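**Q** One structure, pasted below without further comment.
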Amino acid sequence: DVKVTQSSRYLVKRTGEKVFLECVQDMDHENMFWYRQDPGLGLRLIYFSYDVKMKEKGDIPEGYSVSREKKERFSLILESASTNQTSMYLCASSPRGAGGYEQYFGPGTRLTVT
Amino acid sequence: RKEVEQDPGPFNVPEGATVAFNCTYSNSASQSFFWYRQDCRKEPKLLMSVYSSGNEDGRFTAQLNRASQYISLLIRDSKLSDSATYLCVVNIAGNTPLVFGKGTRLSVIA
């Protein structure tokens, strides 16, 4: 059974803190993604990675960075958390290939920044 | 112009009803198309892929019209368990991230 796990389901942090969100997949997928989801705005792509040590900016990368040191792990970093980063964060992975492949999502981390 | 557009709903329908969702996409070179389902407070999951010839999976039928850049999802004999948000998803080209619509919310009422 395919699995994407995220380090926390709920997280509360203070403004200015450095925040790490971890994502691990056990499907040997090349591609990994970080999204945030807000009411009325849908899923918005923050960063993605096609391979170890590779990263690409998505639609809203400002205020975020990522790290992919191992194939199965993709970390999202909020360098200095702000209240407008309060959101649901979803990680996903997919195999590499043309034509689009199913993306498998983790259960999400609901982050609150106070 | 938004890449993938959907009516946000909500669609409130009685059990047993037939309901249809529509979606338009802006990039005519788009290659692959999907419907995802997202239950409240859960992650999105693939419901079905959409093929040019149309495809059916039980009570669910998906259609693609490339000329009009239009995708549809038909749900027959709605069940309470069909209540969810349905996301229209498009792959623009090759190994690129999927593009998600904002979703259409469905509530099936007893």
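Just so we're on the same page: first chain in the structure tokens is A, next is B, and so on; residues restart at 1 for each chain, and ligands are numbered from 1 in the order they show up.
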Skip Gln37 (chain A) itself and residues of its chain fewer than 6 positions away, then list as a ChimeraX atom specification all residues within 10 Å of it, counting only C-alpha atoms.

**A** /A:43-45,86-90,108,110 /B:102

**Q** Output as JSON lines one row per residue of chain A within 12 Å of chain B: the closest atom pair and its distance in Å to one decimal place, counting only C-alpha atoms, sorted by chain and residue number ascending.

**A**
{"residue": "A:Val2", "atom": "CA", "partner": "B:Lys45", "partner_atom": "CA", "distance": 11.9}
{"residue": "A:Val4", "atom": "CA", "partner": "B:Glu43", "partner_atom": "CA", "distance": 10.6}
{"residue": "A:Thr5", "atom": "CA", "partner": "B:Glu43", "partner_atom": "CA", "distance": 11.4}
{"residue": "A:Gln6", "atom": "CA", "partner": "B:Glu43", "partner_atom": "CA", "distance": 11.6}
{"residue": "A:Arg9", "atom": "CA", "partner": "B:Arg41", "partner_atom": "CA", "distance": 10.8}
{"residue": "A:Tyr10", "atom": "CA", "partner": "B:Arg41", "partner_atom": "CA", "distance": 11.9}
{"residue": "A:Glu30", "atom": "CA", "partner": "B:Asn95", "partner_atom": "CA", "distance": 10.5}
{"residue": "A:Asn31", "atom": "CA", "partner": "B:Asn95", "partner_atom": "CA", "distance": 8.8}
{"residue": "A:Met32", "atom": "CA", "partner": "B:Pro97", "partner_atom": "CA", "distance": 9.3}
{"residue": "A:Phe33", "atom": "CA", "partner": "B:Pro97", "partner_atom": "CA", "distance": 8.1}
{"residue": "A:Trp34", "atom": "CA", "partner": "B:Pro97", "partner_atom": "CA", "distance": 10.6}
{"residue": "A:Tyr35", "atom": "CA", "partner": "B:Phe100", "partner_atom": "CA", "distance": 10.8}
{"residue": "A:Arg36", "atom": "CA", "partner": "B:Glu43", "partner_atom": "CA", "distance": 11.5}
{"residue": "A:Gln37", "atom": "CA", "partner": "B:Lys102", "partner_atom": "CA", "distance": 9.5}
{"residue": "A:Asp38", "atom": "CA", "partner": "B:Lys102", "partner_atom": "CA", "distance": 9.8}
{"residue": "A:Pro39", "atom": "CA", "partner": "B:Lys102", "partner_atom": "CA", "distance": 9.2}
{"residue": "A:Gly40", "atom": "CA", "partner": "B:Lys102", "partner_atom": "CA", "distance": 7.2}
{"residue": "A:Leu41", "atom": "CA", "partner": "B:Lys102", "partner_atom": "CA", "distance": 6.4}
{"residue": "A:Gly42", "atom": "CA", "partner": "B:Lys102", "partner_atom": "CA", "distance": 4.3}
{"residue": "A:Leu43", "atom": "CA", "partner": "B:Phe100", "partner_atom": "CA", "distance": 6.6}
{"residue": "A:Arg44", "atom": "CA", "partner": "B:Phe100", "partner_atom": "CA", "distance": 8.2}
{"residue": "A:Leu45", "atom": "CA", "partner": "B:Pro97", "partner_atom": "CA", "distance": 8.5}
{"residue": "A:Ile46", "atom": "CA", "partner": "B:Pro97", "partner_atom": "CA", "distance": 11.0}
{"residue": "A:Tyr47", "atom": "CA", "partner": "B:Pro97", "partner_atom": "CA", "distance": 9.9}
{"residue": "A:Phe48", "atom": "CA", "partner": "B:Pro97", "partner_atom": "CA", "distance": 7.9}
{"residue": "A:Ser49", "atom": "CA", "partner": "B:Pro97", "partner_atom": "CA", "distance": 9.7}
{"residue": "A:Tyr50", "atom": "CA", "partner": "B:Asn95", "partner_atom": "CA", "distance": 8.7}
{"residue": "A:Asp51", "atom": "CA", "partner": "B:Asn95", "partner_atom": "CA", "distance": 11.9}
{"residue": "A:Glu56", "atom": "CA", "partner": "B:Pro97", "partner_atom": "CA", "distance": 10.5}
{"residue": "A:Lys57", "atom": "CA", "partner": "B:Pro97", "partner_atom": "CA", "distance": 11.0}
{"residue": "A:Gly58", "atom": "CA", "partner": "B:Pro97", "partner_atom": "CA", "distance": 8.9}
{"residue": "A:Asp59", "atom": "CA", "partner": "B:Val99", "partner_atom": "CA", "distance": 10.7}
{"residue": "A:Met88", "atom": "CA", "partner": "B:Arg41", "partner_atom": "CA", "distance": 9.4}
{"residue": "A:Tyr89", "atom": "CA", "partner": "B:Glu43", "partner_atom": "CA", "distance": 10.0}
{"residue": "A:Leu90", "atom": "CA", "partner": "B:Glu43", "partner_atom": "CA", "distance": 7.5}
{"residue": "A:Cys91", "atom": "CA", "partner": "B:Glu43", "partner_atom": "CA", "distance": 9.4}
{"residue": "A:Ala92", "atom": "CA", "partner": "B:Glu43", "partner_atom": "CA", "distance": 9.6}
{"residue": "A:Ser93", "atom": "CA", "partner": "B:Pro97", "partner_atom": "CA", "distance": 10.1}
{"residue": "A:Ser94", "atom": "CA", "partner": "B:Pro97", "partner_atom": "CA", "distance": 9.4}
{"residue": "A:Pro95", "atom": "CA", "partner": "B:Asn95", "partner_atom": "CA", "distance": 9.1}
{"residue": "A:Arg96", "atom": "CA", "partner": "B:Asn95", "partner_atom": "CA", "distance": 6.2}
{"residue": "A:Gly97", "atom": "CA", "partner": "B:Asn95", "partner_atom": "CA", "distance": 5.3}
{"residue": "A:Ala98", "atom": "CA", "partner": "B:Gly94", "partner_atom": "CA", "distance": 3.9}
{"residue": "A:Gly99", "atom": "CA", "partner": "B:Gly94", "partner_atom": "CA", "distance": 5.0}
{"residue": "A:Gly100", "atom": "CA", "partner": "B:Asn91", "partner_atom": "CA", "distance": 5.4}
{"residue": "A:Tyr101", "atom": "CA", "partner": "B:Asn95", "partner_atom": "CA", "distance": 8.4}
{"residue": "A:Glu102", "atom": "CA", "partner": "B:Leu46", "partner_atom": "CA", "distance": 6.8}
{"residue": "A:Gln103", "atom": "CA", "partner": "B:Leu46", "partner_atom": "CA", "distance": 7.8}
{"residue": "A:Tyr104", "atom": "CA", "partner": "B:Lys45", "partner_atom": "CA", "distance": 7.0}
{"residue": "A:Phe105", "atom": "CA", "partner": "B:Glu43", "partner_atom": "CA", "distance": 6.1}
{"residue": "A:Gly106", "atom": "CA", "partner": "B:Glu43", "partner_atom": "CA", "distance": 6.5}
{"residue": "A:Pro107", "atom": "CA", "partner": "B:Glu43", "partner_atom": "CA", "distance": 5.3}
{"residue": "A:Gly108", "atom": "CA", "partner": "B:Glu43", "partner_atom": "CA", "distance": 6.6}
{"residue": "A:Thr109", "atom": "CA", "partner": "B:Glu43", "partner_atom": "CA", "distance": 10.2}
{"residue": "A:Arg110", "atom": "CA", "partner": "B:Arg41", "partner_atom": "CA", "distance": 9.7}

**Q** Using DSSP assignments from the backbone, pull out every residue in region 40-83 of chain B that falls under strand (DSSP E) and give it to me as a PyMOL selection string.

**A** chain B and resi 45-50+55-57+60-65+70-75

**Q** Could you tell me how far CA of Asp82 (chain B) sits from CA of Asp7 (chain B), in Å to one decimal place?

**A**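 For CA of Asp7 (chain B) relative to CA of Asp82 (chain B), the distance reads 17.3 Å.
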
**Q** Which polymer residues have any atom within 7 Å of an atom of Ser82 (chain A), counting only C-alpha atoms, with same-chain residues fewer than 4 positions away left out, as a PDB file with C-alpha atoms, in the first residue's frame?

**A**
ATOM      1  CA  THR A  15       5.769  34.442  14.545  1.00  0.00           C
ATOM      2  CA  GLY A  16       9.447  34.507  13.642  1.00  0.00           C
ATOM      3  CA  VAL A 113       1.246  30.724  13.355  1.00  0.00           C
TER       4      VAL A 113
END

**Q** Can you work out the spacing between CA of Lys79 (chain B) and CA of Pro10 (chain B) in Å, to one decimal?

**A**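 CA of Pro10 (chain B) lies at a distance of 15.9 Å from CA of Lys79 (chain B).
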
**Q** So which residues touch Phe21 (chain B) within 10 Å, counting only C-alpha atoms, skipping near sequence neighbours fewer than 6 positions away, as a list in words?

**A**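 The filter keeps Gln6, Asp7, Pro8, Gly9, Phe11, Ala62, Ile71, Ser72, Leu73, Leu74, Ile75, Tyr86, Leu87, Cys88, Gly103, Thr104, Arg105 and Leu106 of chain B.
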
**Q** Export, as a PDB file, in the first residue's frame, the selected residues with N, CA, C and O atoms.

**A**
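Result written to again.pdb:
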ATOM      1  N   GLN B   6     -13.397  25.699 -12.314  1.00  0.00           N
ATOM      2  CA  GLN B   6     -14.548  24.889 -11.926  1.00  0.00           C
ATOM      3  C   GLN B   6     -15.565  25.758 -11.209  1.00  0.00           C
ATOM      4  O   GLN B   6     -15.191  26.737 -10.554  1.00  0.00           O
ATOM      5  N   ASP B   7     -16.813  25.367 -11.291  1.00  0.00           N
ATOM      6  CA  ASP B   7     -17.863  25.994 -10.494  1.00  0.00           C
ATOM      7  C   ASP B   7     -17.645  25.529  -9.046  1.00  0.00           C
ATOM      8  O   ASP B   7     -17.624  24.334  -8.785  1.00  0.00           O
ATOM      9  N   PRO B   8     -17.481  26.448  -8.095  1.00  0.00           N
ATOM     10  CA  PRO B   8     -17.175  26.025  -6.725  1.00  0.00           C
ATOM     11  C   PRO B   8     -18.324  25.355  -5.985  1.00  0.00           C
ATOM     12  O   PRO B   8     -18.109  24.686  -4.971  1.00  0.00           O
ATOM     13  N   GLY B   9     -19.557  25.560  -6.516  1.00  0.00           N
ATOM     14  CA  GLY B   9     -20.705  25.003  -5.815  1.00  0.00           C
ATOM     15  C   GLY B   9     -21.048  25.865  -4.603  1.00  0.00           C
ATOM     16  O   GLY B   9     -20.771  27.067  -4.599  1.00  0.00           O
ATOM     17  N   PHE B  11     -23.019  22.144  -4.561  1.00  0.00           N
ATOM     18  CA  PHE B  11     -24.146  21.458  -5.158  1.00  0.00           C
ATOM     19  C   PHE B  11     -24.796  20.640  -4.035  1.00  0.00           C
ATOM     20  O   PHE B  11     -24.139  19.794  -3.449  1.00  0.00           O
ATOM     21  N   ALA B  62     -16.717   9.998 -16.809  1.00  0.00           N
ATOM     22  CA  ALA B  62     -15.910  11.176 -17.127  1.00  0.00           C
ATOM     23  C   ALA B  62     -15.863  11.358 -18.638  1.00  0.00           C
ATOM     24  O   ALA B  62     -15.790  10.388 -19.391  1.00  0.00           O
ATOM     25  N   ILE B  71     -13.958  19.353 -19.508  1.00  0.00           N
ATOM     26  CA  ILE B  71     -13.985  18.024 -18.886  1.00  0.00           C
ATOM     27  C   ILE B  71     -15.236  17.963 -18.021  1.00  0.00           C
ATOM     28  O   ILE B  71     -15.623  18.973 -17.417  1.00  0.00           O
ATOM     29  N   SER B  72     -15.846  16.801 -17.954  1.00  0.00           N
ATOM     30  CA  SER B  72     -17.031  16.674 -17.114  1.00  0.00           C
ATOM     31  C   SER B  72     -16.965  15.403 -16.279  1.00  0.00           C
ATOM     32  O   SER B  72     -16.251  14.457 -16.603  1.00  0.00           O
ATOM     33  N   LEU B  73     -17.708  15.431 -15.182  1.00  0.00           N
ATOM     34  CA  LEU B  73     -17.868  14.252 -14.318  1.00  0.00           C
ATOM     35  C   LEU B  73     -19.348  14.126 -14.004  1.00  0.00           C
ATOM     36  O   LEU B  73     -19.969  15.074 -13.533  1.00  0.00           O
ATOM     37  N   LEU B  74     -19.885  12.952 -14.294  1.00  0.00           N
ATOM     38  CA  LEU B  74     -21.296  12.677 -14.031  1.00  0.00           C
ATOM     39  C   LEU B  74     -21.380  11.627 -12.936  1.00  0.00           C
ATOM     40  O   LEU B  74     -20.719  10.583 -13.028  1.00  0.00           O
ATOM     41  N   ILE B  75     -22.173  11.896 -11.928  1.00  0.00           N
ATOM     42  CA  ILE B  75     -22.396  10.922 -10.856  1.00  0.00           C
ATOM     43  C   ILE B  75     -23.871  10.548 -10.877  1.00  0.00           C
ATOM     44  O   ILE B  75     -24.749  11.404 -10.728  1.00  0.00           O
ATOM     45  N   TYR B  86     -14.768  17.800  -5.353  1.00  0.00           N
ATOM     46  CA  TYR B  86     -14.235  17.123  -6.538  1.00  0.00           C
ATOM     47  C   TYR B  86     -13.325  18.102  -7.287  1.00  0.00           C
ATOM     48  O   TYR B  86     -13.746  19.196  -7.662  1.00  0.00           O
ATOM     49  N   LEU B  87     -12.088  17.684  -7.469  1.00  0.00           N
ATOM     50  CA  LEU B  87     -11.057  18.530  -8.064  1.00  0.00           C
ATOM     51  C   LEU B  87     -10.789  18.097  -9.497  1.00  0.00           C
ATOM     52  O   LEU B  87     -10.504  16.917  -9.756  1.00  0.00           O
ATOM     53  N   CYS B  88     -10.860  19.031 -10.402  1.00  0.00           N
ATOM     54  CA  CYS B  88     -10.502  18.793 -11.796  1.00  0.00           C
ATOM     55  C   CYS B  88      -8.994  19.041 -11.936  1.00  0.00           C
ATOM     56  O   CYS B  88      -8.492  20.068 -11.447  1.00  0.00           O
ATOM     57  N   GLY B 103     -11.856  23.133  -7.112  1.00  0.00           N
ATOM     58  CA  GLY B 103     -12.774  22.124  -6.603  1.00  0.00           C
ATOM     59  C   GLY B 103     -14.219  22.555  -6.606  1.00  0.00           C
ATOM     60  O   GLY B 103     -14.541  23.759  -6.538  1.00  0.00           O
ATOM     61  N   THR B 104     -15.086  21.562  -6.705  1.00  0.00           N
ATOM     62  CA  THR B 104     -16.536  21.751  -6.620  1.00  0.00           C
ATOM     63  C   THR B 104     -17.041  20.938  -5.446  1.00  0.00           C
ATOM     64  O   THR B 104     -16.788  19.734  -5.370  1.00  0.00           O
ATOM     65  N   ARG B 105     -17.754  21.592  -4.552  1.00  0.00           N
ATOM     66  CA  ARG B 105     -18.230  20.894  -3.349  1.00  0.00           C
ATOM     67  C   ARG B 105     -19.605  20.294  -3.599  1.00  0.00           C
ATOM     68  O   ARG B 105     -20.510  20.966  -4.098  1.00  0.00           O
ATOM     69  N   LEU B 106     -19.734  19.029  -3.254  1.00  0.00           N
ATOM     70  CA  LEU B 106     -20.998  18.305  -3.393  1.00  0.00           C
ATOM     71  C   LEU B 106     -21.482  17.872  -2.018  1.00  0.00           C
ATOM     72  O   LEU B 106     -20.722  17.268  -1.253  1.00  0.00           O
TER      73      LEU B 106
END

**Q** Between CA of Asn55 (chain B) and CA of Ser81 (chain B), what is the spacing in Å?

**A**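 Calculated distance between CA of Ser81 (chain B) and CA of Asn55 (chain B) is 21.4 Å.
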
**Q** Do a neighbour search on Cys40 (chain B) at 9 Å with only C-alpha atoms, toss out local chain neighbours closer than 4 positions, and write the hits as an NGL selection string.

**A** :B and (83-85)

**Q** Given the choices A:Lys3, A:Lys55, A:Phe20, A:Val12, which gets closest to Ile77 (chain A) if the distance is worked out from only C-alpha atoms?

**A**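 Among the listed residues, the smallest separation from Ile77 (chain A) belongs to A:Phe20.
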
**Q** Would you please work out which residue, of A:Ser8, A:Val24, A:Thr112, A:Lys18, is nearest to Arg73 (chain A) when using only C-alpha atoms?

**A**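 Nearest to Arg73 (chain A): A:Val24.
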
**Q** Write out as a PyMOL selection string the residues lying within 12 Å of Ala67 (chain B), counting only C-alpha atoms and excluding same-chain residues fewer than 5 positions away.

**A** chain B and resi 24-30+52

**Q** Those same residues - all heavy atoms - I'd like them written as a PDB file, in the first residue's frame.

**A**
ATOM      1  N   THR B  24     -13.219  23.649 -17.191  1.00  0.00           N
ATOM      2  CA  THR B  24     -12.554  24.084 -18.420  1.00  0.00           C
ATOM      3  C   THR B  24     -11.079  24.311 -18.131  1.00  0.00           C
ATOM      4  O   THR B  24     -10.702  24.671 -17.011  1.00  0.00           O
ATOM      5  CB  THR B  24     -13.170  25.370 -18.980  1.00  0.00           C
ATOM      6  OG1 THR B  24     -13.102  26.386 -17.976  1.00  0.00           O
ATOM      7  CG2 THR B  24     -14.607  25.170 -19.398  1.00  0.00           C
ATOM      8  N   TYR B  25     -10.252  24.100 -19.132  1.00  0.00           N
ATOM      9  CA  TYR B  25      -8.814  24.314 -18.986  1.00  0.00           C
ATOM     10  C   TYR B  25      -8.343  25.224 -20.105  1.00  0.00           C
ATOM     11  O   TYR B  25      -8.903  25.232 -21.202  1.00  0.00           O
ATOM     12  CB  TYR B  25      -8.046  22.985 -18.968  1.00  0.00           C
ATOM     13  CG  TYR B  25      -8.215  22.122 -20.191  1.00  0.00           C
ATOM     14  CD1 TYR B  25      -7.305  22.184 -21.239  1.00  0.00           C
ATOM     15  CD2 TYR B  25      -9.279  21.233 -20.297  1.00  0.00           C
ATOM     16  CE1 TYR B  25      -7.451  21.381 -22.360  1.00  0.00           C
ATOM     17  CE2 TYR B  25      -9.438  20.438 -21.412  1.00  0.00           C
ATOM     18  CZ  TYR B  25      -8.527  20.521 -22.445  1.00  0.00           C
ATOM     19  OH  TYR B  25      -8.671  19.730 -23.565  1.00  0.00           O
ATOM     20  N   SER B  26      -7.298  25.985 -19.829  1.00  0.00           N
ATOM     21  CA  SER B  26      -6.915  27.051 -20.762  1.00  0.00           C
ATOM     22  C   SER B  26      -5.831  26.634 -21.757  1.00  0.00           C
ATOM     23  O   SER B  26      -5.743  27.197 -22.846  1.00  0.00           O
ATOM     24  CB  SER B  26      -6.440  28.282 -19.988  1.00  0.00           C
ATOM     25  OG  SER B  26      -5.328  27.941 -19.174  1.00  0.00           O
ATOM     26  N   ASN B  27      -5.006  25.652 -21.391  1.00  0.00           N
ATOM     27  CA  ASN B  27      -3.889  25.284 -22.253  1.00  0.00           C
ATOM     28  C   ASN B  27      -4.289  24.166 -23.210  1.00  0.00           C
ATOM     29  O   ASN B  27      -4.500  23.027 -22.793  1.00  0.00           O
ATOM     30  CB  ASN B  27      -2.689  24.858 -21.390  1.00  0.00           C
ATOM     31  CG  ASN B  27      -1.419  24.725 -22.196  1.00  0.00           C
ATOM     32  OD1 ASN B  27      -1.431  24.271 -23.342  1.00  0.00           O
ATOM     33  ND2 ASN B  27      -0.304  25.123 -21.615  1.00  0.00           N
ATOM     34  N   SER B  28      -4.378  24.493 -24.482  1.00  0.00           N
ATOM     35  CA  SER B  28      -4.849  23.518 -25.466  1.00  0.00           C
ATOM     36  C   SER B  28      -3.876  22.367 -25.666  1.00  0.00           C
ATOM     37  O   SER B  28      -4.238  21.331 -26.221  1.00  0.00           O
ATOM     38  CB  SER B  28      -5.091  24.216 -26.818  1.00  0.00           C
ATOM     39  OG  SER B  28      -3.891  24.814 -27.278  1.00  0.00           O
ATOM     40  N   ALA B  29      -2.636  22.525 -25.192  1.00  0.00           N
ATOM     41  CA  ALA B  29      -1.645  21.454 -25.335  1.00  0.00           C
ATOM     42  C   ALA B  29      -1.688  20.461 -24.177  1.00  0.00           C
ATOM     43  O   ALA B  29      -0.880  19.538 -24.123  1.00  0.00           O
ATOM     44  CB  ALA B  29      -0.245  22.062 -25.438  1.00  0.00           C
ATOM     45  N   SER B  30      -2.605  20.648 -23.251  1.00  0.00           N
ATOM     46  CA  SER B  30      -2.697  19.762 -22.080  1.00  0.00           C
ATOM     47  C   SER B  30      -2.825  18.314 -22.517  1.00  0.00           C
ATOM     48  O   SER B  30      -3.496  18.005 -23.505  1.00  0.00           O
ATOM     49  CB  SER B  30      -3.894  20.154 -21.210  1.00  0.00           C
ATOM     50  OG  SER B  30      -3.727  21.462 -20.717  1.00  0.00           O
ATOM     51  N   SER B  52      -9.880  10.366 -23.753  1.00  0.00           N
ATOM     52  CA  SER B  52     -10.517  11.054 -24.880  1.00  0.00           C
ATOM     53  C   SER B  52     -11.828  10.393 -25.296  1.00  0.00           C
ATOM     54  O   SER B  52     -12.771  11.073 -25.722  1.00  0.00           O
ATOM     55  CB  SER B  52      -9.566  11.072 -26.082  1.00  0.00           C
ATOM     56  OG  SER B  52      -8.428  11.838 -25.783  1.00  0.00           O
TER      57      SER B  52
END

**Q** Can you tell me which residues surround region 12-16 of chain B at a distance of at most 8 Å, considering only C-alpha atoms, apart from same-chain residues fewer than 5 positions away, and format the answer as a list in words?

**A**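 Final neighbour list, sorted by chain and number: Arg76, Asp77, Ser78, Lys79, Leu80, Leu106, Ser107, Val108, Ile109 and Ala110 of chain B.
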